[in-house]
Structure formats: C-alpha cells, structure tokens
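S.K.: Right, I'll just put the structure down here and ask away after.
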Amino acid sequence: MAARLQAPRGTFDVLPADARRRAALAREYDDILGRAGYETIETPVFEDTELFARGVGEATDIVRKEMFSFEDKAGRSLTLRPEGTAGVCRAYAEHGMHKLPQPVKLRYWGPYFRHEAPQAGRYRQFTQLGAEALGSDDPSLDAEIVLLLVELVAAAGARDVRVRVSSLGTPETREAYLAELGAYLGEHESELSDDVRDRLSTNPLRAFDADHAGTRAVMEGAPRLLDRLGSDDAAHFAEVRALLDDAGLGYEVDTTLVRGLDYYTRTVFEVESGALGAQNALGGGGRYDRLVEQLGGPGTPGVGFAAGVERILLAAEPGDDAEPGGVYVALADPGAKRTAFALVRRLRERGLHVQLEQAGRSLKGQLKQADRIGARATVIVGESIEVKDMGSGEQTAAAGPDEALALVEGALSS
Ligand code: AMP
C-alpha cells in the first residue's frame, strides 16, 4: 500500500461540522461589519516580499522568522501574506482610494501564513477576519473598531473575554521614548534575557512581552510610553477612552501593550479569552497613520483590527449547529428511482433540504437513516408514494407526486 499522505505541519482540514461553525461566524461578521459600513475587499494571498518588509517592519518576528517567502520563475521574491493590513493599504494606494469619500471602510476574511511552531491555537496557515478604516484619524473610528471586534467575539459566544487598550503616540514621541527606554535597559543589561539583549537596538519594546523573570523585574521600573505622549496624542487617546466608556465597555489600560507589528501609531488594543491556553489572543489592532505613506501612497491615517477565526471558535462553546431536519426520500423498490429523483428535484426547488437514498440500503436501513439525519418528513416511493410525518408518526398515501409535495409541506409546517 502506498504511504498515507498527511496535511503539512501546522495546517488543518476544515471538516463539515467545523465548516458550519465557520459559516455561522462569517454570517455574524458580514452582518456586524456590514451594518457599520465596512465593505468587502479581497487582496492576493501572496505579495511582493518588500510589502511586508516595509509594512510590517524588518525587526519584527514576523518578518525576521515567520514568512513563507519564495522566488517566482522570474526571480522576484514573493511572500504568502502573514497579515492583512499591509495588503489592504497597498490596494488603497494602488487604486487611488484616497479620491473616494473618506473614510474608506473595508473588511476581509481569508487565509494567512506564518512559519511558527505549531501548538493549540497556533498554525502555519490560519484564517483571519479583519476590518480597516482608512482616511480619517477621528477617535470615533478607533472606538468603533474596538467595539466591532468585541461585538463580534461576543456574538460568536467567545468566553471570558478581556480587552486591553493603550496608545503608542506618534513615531517621534516613540523614538524619543525608545531612546529613553534603551538607555534604561542599557543600565540593566546584565539582568536581561539573551533574546531581549540581542534586540535592544532593533526592538526594545518587546522587552515588555518577555516571560524571563529577570527581564520582568527590570521592566517593572521601566519608563512607560503612555506617560510620554504628546498632548495631541494624549487628547486623542482620552477621546477614544471616553467613547469606549460611554459604550459601557469594560477594558484595561495596559501601558505595556506592544503588538508584534511595527506600523502602529496611537491606539493599540488586544482582545483575549481566558478560555484559551497560551495562545489567548483572539484579535487586536490599532491605528497606523503612517503606513500608507510608507508604502508609497499619500499620507493617510488608518485604524483596523484582525482576529483569528480558529481562535474565536476555540474560545466559544461549541453550539448545536446541525442542519435543520429536512426531508428524506426513501426507495421502497429500486424501480422507483426515476420517480423519486424527479420528486427530490421538485422538493429542492421549493427551498427544502432534501436527501435521497443513494447507498443501496434496505427499506429498514433507509428509515433508520431518515431518523439519524433528523428528517421531519420521509417520502417512501415504490408502487405508491407514502409520506410519513416523522413528528406524529402518521403515514399517508399520496395519489401522486403533486399530493406528495403538499403532504410534505404539511408535515414540515406542523
Ligand atoms: P496579529 O495581527 O499578529 O495580532 O494577529 C491577529 C490574530 O490572528 C491573533 O490575535 C490570533 O487570533 C490570530 N493569529 C495570529 N497568528 C496566528 C497563528 N499562527 N495561528 C492561528 N491564529 C493566529
């Protein structure tokens, strides 16, 4: 026998039961985002590697270690997208969307790729849903983006949800702050983990994320960016917070919140679930007022979120999402197949869920199968046509296919 092949490491198949839960989440997401004016955009699954190097940041883990990059036949370096914002911003600039009425509100859903060590809730191909509002720096967009993600995960039934919010200010404030932080960390260099020490010059903010005990102790006394914001940024953040407060959202201001992507300015946030293990982030996002320009477009503020579809579903109680019971058409004798097949088509045309016996079962086996799938009506086609109301158990002979249709509809509405 040939060796059995398996899905590549860190990938998974979506089987029908999961697919139903994903489809239900997709409907919630379309509904919630659609009502807020976010329209669908689709961008390519692979982009020029440079888009992510410039957009996500050379010093980030994503760009340094996690990208699936390859050369095409013309020697161009391409990368399977590790995140969605850079591609959306590229599309915004490429299609001159700054000429449209602003803000341009976009939503997306699709596969993303990161070469990470697989574990529960962490895959090499995963699915993100996201939204971006481009072309305005109004704080109400920041608040809206946070609230939409929270609304979505609540509608999905995610348990024990926590929200953390902070502000990173402008690149200039951040630069001054990073110098201050760098100096502080330099004074404590010997107490830091090797990993943090290696990245002191490239990404000292990540030190706040470290699990290493010595590093954590040093970070307790470290200066906080939130205390160094310029007055415009502080006012912007205060307004975002006021809107979140008015909306009744419970959240924590976390001055150490850093995100794994370099493009953020001002608001950043993360939504987590206590129902998950180590990989507890459901989603997050923030404002990125310089990103479009960094990608060669016009100066355009933006804010958005991205969330992991698999994580949201892991954090939700698996509900009863089986298809509603429909109609089962059984064959009392194999010669009735053509009549039964035609009847099935007519029932489906009426919008009903209909299954036909297609596996050569005995009549007894067919009736069992009708029970198994939760059919509410069974049509038994042989020399005569009988319709069984599975609720009452009542079985009625139909004079022909037309009457059978009427009896089925009667059974389904009872
Ligand atoms: P990020 O932009 O990195 O914060 O990613 C946004 C969300 O995508 C995270 O909060 C996760 O829910 C999800 N996500 C990121 N990376 C992975 C992964 N490797 N596997 C599964 N989900 C992921």
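Residues in the structure tokens are numbered from 1 in each chain, the chains being A, B, ... in the order shown, and ligands are numbered from 1 in the order shown.
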Determine, for each residue of chain A having at least one atom at most 9 Å from an atom of ligand 1, the closest pair of atoms and their separation in Å to one decimal, counting only C-alpha atoms and all ligand atoms; order by chain and ascending number, as CSV.
M.R.:
```
residue,atom,partner,partner_atom_place_in_ligand_line,distance
A:Gly10,CA,ligand 1,19 (N),8.5
A:Ile62,CA,ligand 1,3 (O),8.3
A:Pro82,CA,ligand 1,16 (N),8.1
A:Glu83,CA,ligand 1,2 (O),6.2
A:Gly84,CA,ligand 1,2 (O),8.1
A:Thr85,CA,ligand 1,2 (O),8.7
A:Tyr112,CA,ligand 1,17 (C),8.1
A:Phe113,CA,ligand 1,19 (N),7.1
A:Arg114,CA,ligand 1,19 (N),5.6
A:His115,CA,ligand 1,19 (N),7.5
A:Glu116,CA,ligand 1,19 (N),6.0
A:Ala117,CA,ligand 1,19 (N),8.2
A:Pro118,CA,ligand 1,19 (N),7.4
A:Gln119,CA,ligand 1,20 (N),8.5
A:Ala120,CA,ligand 1,21 (C),8.5
A:Gly121,CA,ligand 1,21 (C),5.2
A:Arg122,CA,ligand 1,20 (N),3.4
A:Tyr123,CA,ligand 1,20 (N),3.9
A:Arg124,CA,ligand 1,19 (N),5.4
A:Gln125,CA,ligand 1,20 (N),6.7
A:Phe126,CA,ligand 1,21 (C),5.0
A:Thr127,CA,ligand 1,22 (N),6.8
A:Gln128,CA,ligand 1,8 (O),5.7
A:Leu129,CA,ligand 1,8 (O),8.2
A:Gly130,CA,ligand 1,6 (C),8.6
A:Arg259,CA,ligand 1,4 (O),6.6
A:Gly260,CA,ligand 1,3 (O),6.0
A:Leu261,CA,ligand 1,3 (O),7.2
A:Glu270,CA,ligand 1,10 (O),7.4
A:Val271,CA,ligand 1,10 (O),7.4
A:Glu272,CA,ligand 1,10 (O),7.6
A:Gln279,CA,ligand 1,11 (C),7.7
A:Asn280,CA,ligand 1,12 (O),7.6
A:Ala281,CA,ligand 1,10 (O),4.2
A:Leu282,CA,ligand 1,12 (O),3.9
A:Gly283,CA,ligand 1,10 (O),3.3
A:Gly284,CA,ligand 1,4 (O),5.2
A:Gly285,CA,ligand 1,2 (O),6.6
A:Phe305,CA,ligand 1,6 (C),7.6
A:Ala306,CA,ligand 1,6 (C),4.8
A:Ala307,CA,ligand 1,7 (C),4.0
A:Gly308,CA,ligand 1,12 (O),3.4
A:Val309,CA,ligand 1,12 (O),6.8
A:Glu310,CA,ligand 1,22 (N),6.5
A:Arg311,CA,ligand 1,12 (O),5.3
A:Ile312,CA,ligand 1,12 (O),7.1
```
S.K.: For the strand (DSSP E) assignment from backbone DSSP, which residues of range 51-272 of chain A qualify? Please present them as a PyMOL selection string.
M.R.: chain A and resi 69-71+77-80+104-113+125-134+161-167+252-253+265-272
S.K.: Once you count only C-alpha atoms, what closest atom pair and distance in Å to one decimal does each residue of range 215-285 of chain A within 12 Å of range 86-110 of chain A have, with rows by chain and rising residue number, as a Markdown table?
M.R.:
```
| residue | atom | partner | partner_atom | distance |
| --- | --- | --- | --- | --- |
| A:Leu261 | CA | A:Ala86 | CA | 10.5 |
| A:Asp262 | CA | A:Ala86 | CA | 11.2 |
| A:Tyr263 | CA | A:Ala86 | CA | 9.2 |
| A:Tyr264 | CA | A:Ala86 | CA | 11.6 |
```
S.K.: Let me see the file: selected residues, C-alpha atoms, as a compact mmCIF listing (two decimals), in the first residue's frame.
M.R.:
```
# COMPACT_ATOMS: atom_id res chain seq x y z
CA LEU A 261 3.93 44.64 14.08
CA ASP A 262 5.83 47.90 13.71
CA TYR A 263 3.28 50.04 11.92
CA TYR A 264 1.12 51.14 14.83
```
S.K.: Among range 82-323 of chain A, which residues does DSSP mark as alpha helix (DSSP H) when it is run on the backbone? Keep the chain and numbering as in the structure and answer as a ChimeraX atom specification.
M.R.: /A:85-94,139-155,171-187,194-198,213-220,231-246,291-294,309-315
S.K.: Under the rule that only C-alpha atoms are counted, which of A:Gly304, A:Gly299, A:Gly34, A:Pro223 is the nearest residue to Ala176 in chain A?
M.R.: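 Checking each of A:Gly304, A:Gly299, A:Gly34, A:Pro223 against Ala176 in chain A, counting only C-alpha atoms, the winner is A:Pro223.
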S.K.: For Gly374 in chain A, which residue among A:Arg21, A:Arg345, A:His353, A:Arg216 is the nearest when counting only C-alpha atoms?
M.R.: A:His353
S.K.: For Gly230 in chain A, work out the shell of residues within 10 Å, counting only C-alpha atoms and skipping chain neighbours fewer than 2 positions away, then give it as a ChimeraX atom specification.
M.R.: /A:169-170,172-174,226-228,232-236
S.K.: Skipping near chain neighbours, those fewer than 6 positions away, what residues fall within 12 Å of Asp246 in chain A using only C-alpha atoms, listed as a list in words?
M.R.: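 In the requested form, the answer reads Ser140, Ala143, Glu144, Leu147, Glu239 and Val240 of chain A.
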S.K.: Go ahead and compute the interatomic distance for CA of Gly382 in chain A and CA of Asp402 in chain A, in Å to one decimal.
M.R.: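 These two atoms are separated by 15.4 Å.
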S.K.: Determine the nearest neighbour of Ala377 in chain A from the options A:Gly393, A:Gly297, A:Pro139, A:Pro111, counting only C-alpha atoms.
M.R.: A:Gly393
S.K.: Can you tell me which residues surround Pro204 in chain A at a distance of at most 9 Å, considering only C-alpha atoms, apart from same-chain residues fewer than 6 positions away, and format the answer as JSON, numbers by chain?
M.R.: {"A": [178, 181, 182, 185, 196, 197]}
S.K.: Show which residues sit within 9 Å of Val163 in chain A, as number ranges by chain. Count only C-alpha atoms, and ignore same-chain residues fewer than 2 positions away.
M.R.: A: 146, 150, 161, 165, 249-253, 269-273
S.K.: What's the separation between CA of Asp209 in chain A and CA of Glu189 in chain A, in Å to one decimal place?
M.R.: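 So the answer is 16.2 Å.
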S.K.: Hey, which of A:Pro318, A:Arg9, A:Ala131, A:Ser77 ends up closest to Arg22 in chain A? Count only C-alpha atoms.
M.R.: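 Between A:Pro318, A:Arg9, A:Ala131, A:Ser77, the residue approaching Arg22 in chain A most closely is A:Pro318.
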S.K.: Quick check, in Å to one decimal: how far apart do CA of Leu134 in chain A and CA of Asp289 in chain A lie?
M.R.: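 One can read the CA of Leu134 in chain A to CA of Asp289 in chain A distance as 8.9 Å.
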S.K.: Find, counting only C-alpha atoms, the residue in A:His212, A:Arg266, A:Arg241, A:Arg35 that gets nearest to Leu225 in chain A.
M.R.: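 When distances to Leu225 in chain A are compared using only C-alpha atoms, the smallest one comes from A:Arg266.
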S.K.: Which residue is closest to Arg64 in chain A? Choose from A:Arg361, A:Arg164, A:Arg76, A:Arg199 and count only C-alpha atoms.
M.R.: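 For Arg64 in chain A, the nearest of the given residues is A:Arg199.
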